[in-house]
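Source file: input_32.pdb; contents: PDB, C-alpha atoms.
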MODEL        1
ATOM      1  CA  MET J1186      -7.361  18.772 -29.025
ATOM      2  CA  ALA J1187      -9.178  15.929 -27.312
ATOM      3  CA  THR J1188      -9.052  15.327 -23.586
ATOM      4  CA  THR J1189      -6.511  12.765 -22.445
ATOM      5  CA  LYS J1190      -7.597   9.689 -20.525
ATOM      6  CA  ASP J1191      -5.097  10.600 -17.801
ATOM      7  CA  TYR J1192      -6.795  13.965 -17.291
ATOM      8  CA  ARG J1193     -10.233  12.310 -17.284
ATOM      9  CA  ASP J1194      -9.044   9.858 -14.636
ATOM     10  CA  PHE J1195      -7.595  12.724 -12.568
ATOM     11  CA  ILE J1196     -10.913  14.614 -12.645
ATOM     12  CA  LEU J1197     -12.895  11.515 -11.735
ATOM     13  CA  GLU J1198     -10.514  10.883  -8.841
ATOM     14  CA  GLN J1199     -11.121  14.423  -7.560
ATOM     15  CA  LEU J1200     -14.887  13.899  -7.850
ATOM     16  CA  ASN J1201     -14.852  10.543  -6.056
ATOM     17  CA  ILE J1202     -16.055  12.174  -2.829
ATOM     18  CA  LEU J1203     -19.486  12.335  -4.494
ATOM     19  CA  ASP J1204     -21.595   9.244  -5.040
ATOM     20  CA  ASN J1205     -23.276   8.567  -8.369
ATOM     21  CA  ILE J1206     -20.894  10.465 -10.673
ATOM     22  CA  THR J1207     -20.835   8.958 -14.148
ATOM     23  CA  CYS J1208     -18.789   9.880 -17.175
ATOM     24  CA  LYS J1209     -19.721   9.279 -20.802
ATOM     25  CA  SER J1210     -17.393   9.654 -23.753
ATOM     26  CA  MET J1211     -18.503  11.983 -26.550
ATOM     27  CA  MET J1212     -16.318  12.669 -29.603
ATOM     28  CA  GLY J1213     -13.026  12.706 -27.686
ATOM     29  CA  GLU J1214     -14.448  14.618 -24.738
ATOM     30  CA  TYR J1215     -16.428  13.541 -21.665
ATOM     31  CA  LEU J1216     -19.833  14.442 -20.262
ATOM     32  CA  LEU J1217     -20.271  14.353 -16.481
ATOM     33  CA  TYR J1218     -23.478  13.347 -14.724
ATOM     34  CA  TYR J1219     -24.515  13.430 -11.077
ATOM     35  CA  ASN J1220     -27.441  11.169 -10.219
ATOM     36  CA  GLY J1221     -28.173  10.942 -13.934
ATOM     37  CA  LEU J1222     -28.281  14.729 -14.502
ATOM     38  CA  LEU J1223     -25.750  16.377 -16.795
ATOM     39  CA  PHE J1224     -23.778  18.961 -14.825
ATOM     40  CA  GLY J1225     -20.661  19.518 -16.898
ATOM     41  CA  GLY J1226     -17.928  18.006 -18.933
ATOM     42  CA  ILE J1227     -14.249  17.659 -19.608
ATOM     43  CA  TYR J1228     -13.274  19.519 -22.781
ATOM     44  CA  ASP J1229      -9.698  19.927 -24.031
ATOM     45  CA  ASP J1230      -8.330  18.957 -20.607
ATOM     46  CA  ARG J1231     -10.548  21.538 -18.852
ATOM     47  CA  LEU J1232     -13.307  20.856 -16.333
ATOM     48  CA  LEU J1233     -16.376  22.935 -17.204
ATOM     49  CA  VAL J1234     -19.717  23.019 -15.381
ATOM     50  CA  LYS J1235     -23.079  24.269 -16.556
ATOM     51  CA  VAL J1236     -24.116  27.776 -15.559
ATOM     52  CA  VAL J1237     -27.175  27.519 -13.301
ATOM     53  CA  ASP J1238     -28.764  29.917 -10.835
ATOM     54  CA  SER J1239     -27.259  28.137  -7.818
ATOM     55  CA  ASN J1240     -23.625  28.543  -8.962
ATOM     56  CA  LYS J1241     -23.752  32.087 -10.341
ATOM     57  CA  LYS J1242     -22.883  33.455  -6.885
ATOM     58  CA  TYR J1243     -19.333  32.092  -7.237
ATOM     59  CA  ASN J1244     -18.496  34.482 -10.106
ATOM     60  CA  MET J1245     -16.423  31.896 -11.942
ATOM     61  CA  GLN J1246     -14.640  32.495 -15.229
ATOM     62  CA  GLU J1247     -16.715  31.541 -18.252
ATOM     63  CA  SER J1248     -15.322  29.435 -21.061
ATOM     64  CA  ILE J1249     -16.706  27.982 -24.288
ATOM     65  CA  PRO J1250     -16.432  24.169 -24.462
ATOM     66  CA  TYR J1251     -16.430  24.178 -28.257
ATOM     67  CA  GLU J1252     -17.588  26.436 -31.080
ATOM     68  CA  SER J1253     -21.261  27.524 -31.164
ATOM     69  CA  THR J1254     -22.158  26.479 -27.608
ATOM     70  CA  LYS J1255     -23.239  28.358 -24.513
ATOM     71  CA  PRO J1256     -20.549  29.437 -22.061
ATOM     72  CA  MET J1257     -19.861  27.222 -19.077
ATOM     73  CA  TYR J1258     -17.909  27.862 -15.886
ATOM     74  CA  LEU J1259     -14.262  26.851 -15.832
ATOM     75  CA  VAL J1260     -13.199  25.005 -12.676
ATOM     76  CA  ASP J1261      -9.536  25.899 -12.368
ATOM     77  CA  THR J1262      -8.706  24.759  -8.808
ATOM     78  CA  ILE J1263      -9.311  21.081  -9.356
ATOM     79  CA  ASP J1264      -6.566  19.633  -7.206
ATOM     80  CA  ASN J1265      -7.638  21.525  -4.081
ATOM     81  CA  ARG J1266     -10.766  20.041  -2.497
ATOM     82  CA  ASN J1267     -10.852  22.859   0.071
ATOM     83  CA  ASN J1268     -11.827  25.489  -2.555
TER      84      ASN J1268
ENDMDL
END

Encoded form using structure tokens:
Amino acid sequence: MATTKDYRDFILEQLNILDNITCKSMMGEYLLYYNGLLFGGIYDDRLLVKVVDSNKKYNMQESIPYESTKPMYLVDTIDNRNN
């Protein structure tokens, strides 16, 4: 299942508090960049971010974006900017 444009727009709206966020389409899904660096993506209407040392402390749920890839962290409280 590909990500819907409505969901992509919703995620980008939630991320609009950050400057320099860009989104690139890739095979029905979307890659997310901050200041030109890939930090995550939108896969099957799910926001996933790369696992890096600085975000491991949050103990987030891991999820696979698509078959044969490394796990990423699932961001499941997207509509609450206070979390």

- Task: Would you translate the PyMOL selection byres ((chain J and resi 1199) around 12) into the concrete set of residues it matches in this file, as JSON, numbers by chain?
- Result: {"J": [1192, 1193, 1194, 1195, 1196, 1197, 1198, 1200, 1201, 1202, 1203, 1204, 1206, 1232, 1260, 1262, 1263, 1264, 1265, 1266, 1267]}

- Message: For the PyMOL selection byres ((chain J and resi 1219) around 9), applied here, can you spell out every residue it catches as a list in words?
- Response: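 Evaluating the PyMOL selection byres ((chain J and resi 1219) around 9) on this file yields Leu1203, Asp1204, Asn1205, Ile1206, Thr1207, Leu1217, Tyr1218, Asn1220, Gly1221, Leu1222, Leu1223 and Phe1224 of chain J.
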
Write the selection just made, keeping C-alpha atoms, as a PDB file, in the coordinates of the input?
ATOM      1  CA  LEU J1203     -19.486  12.335  -4.494  1.00  0.00           C
ATOM      2  CA  ASP J1204     -21.595   9.244  -5.040  1.00  0.00           C
ATOM      3  CA  ASN J1205     -23.276   8.567  -8.369  1.00  0.00           C
ATOM      4  CA  ILE J1206     -20.894  10.465 -10.673  1.00  0.00           C
ATOM      5  CA  THR J1207     -20.835   8.958 -14.148  1.00  0.00           C
ATOM      6  CA  LEU J1217     -20.271  14.353 -16.481  1.00  0.00           C
ATOM      7  CA  TYR J1218     -23.478  13.347 -14.724  1.00  0.00           C
ATOM      8  CA  ASN J1220     -27.441  11.169 -10.219  1.00  0.00           C
ATOM      9  CA  GLY J1221     -28.173  10.942 -13.934  1.00  0.00           C
ATOM     10  CA  LEU J1222     -28.281  14.729 -14.502  1.00  0.00           C
ATOM     11  CA  LEU J1223     -25.750  16.377 -16.795  1.00  0.00           C
ATOM     12  CA  PHE J1224     -23.778  18.961 -14.825  1.00  0.00           C
TER      13      PHE J1224
END

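By chain and then residue number, the residues within 6 Å of Glu1247 of chain J are Pro1256, Met1257, Tyr1258 and Leu1259 of chain J, counting all atoms listed in the file and disregarding those fewer than 2 positions away in sequence.
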
- Task: For atom CA of Ser1210 of chain J and atom CA of Asp1261 of chain J, quote the distance in Å rounded to one decimal.
- Result: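 Spanning atom CA of Ser1210 of chain J to atom CA of Asp1261 of chain J is a straight-line distance of 21.3 Å.
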
- Item | Å distance separating atom CA of Lys1190 of chain J from atom CA of Asn1240 of chain J, one decimal place | 27.3 Å

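The residue that comes closest to Thr1188 of chain J, out of J:Ser1248, J:Tyr1243, J:Arg1231, J:Thr1254 and on the basis of only C-alpha atoms, is J:Arg1231.
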
- Query: atom CA of Leu1233 of chain J and atom CA of Gln1246 of chain J, how far apart in Å?
  - Reply: 9.9 Å

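The neighbours of Gly1213 of chain J here are the residues that come within 12 Å of it, using only C-alpha atoms and leaving out any residue fewer than 5 positions away in the same chain; they are J:Met1186, J:Ala1187, J:Thr1188, J:Thr1189, J:Lys1190, J:Arg1193, J:Gly1226, J:Ile1227, J:Tyr1228, J:Asp1229, J:Asp1230, J:Tyr1251.
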
Determine the axis-aligned bounding box of all atoms of segment 1186-1196 of chain J present in the file, pad each side by 3 Å, and express its centre and edge lengths in Å to one decimal place as lines of an AutoDock Vina configuration file.
center_x = -8.0
center_y = 14.2
center_z = -20.8
size_x = 11.8
size_y = 15.1
size_z = 22.5
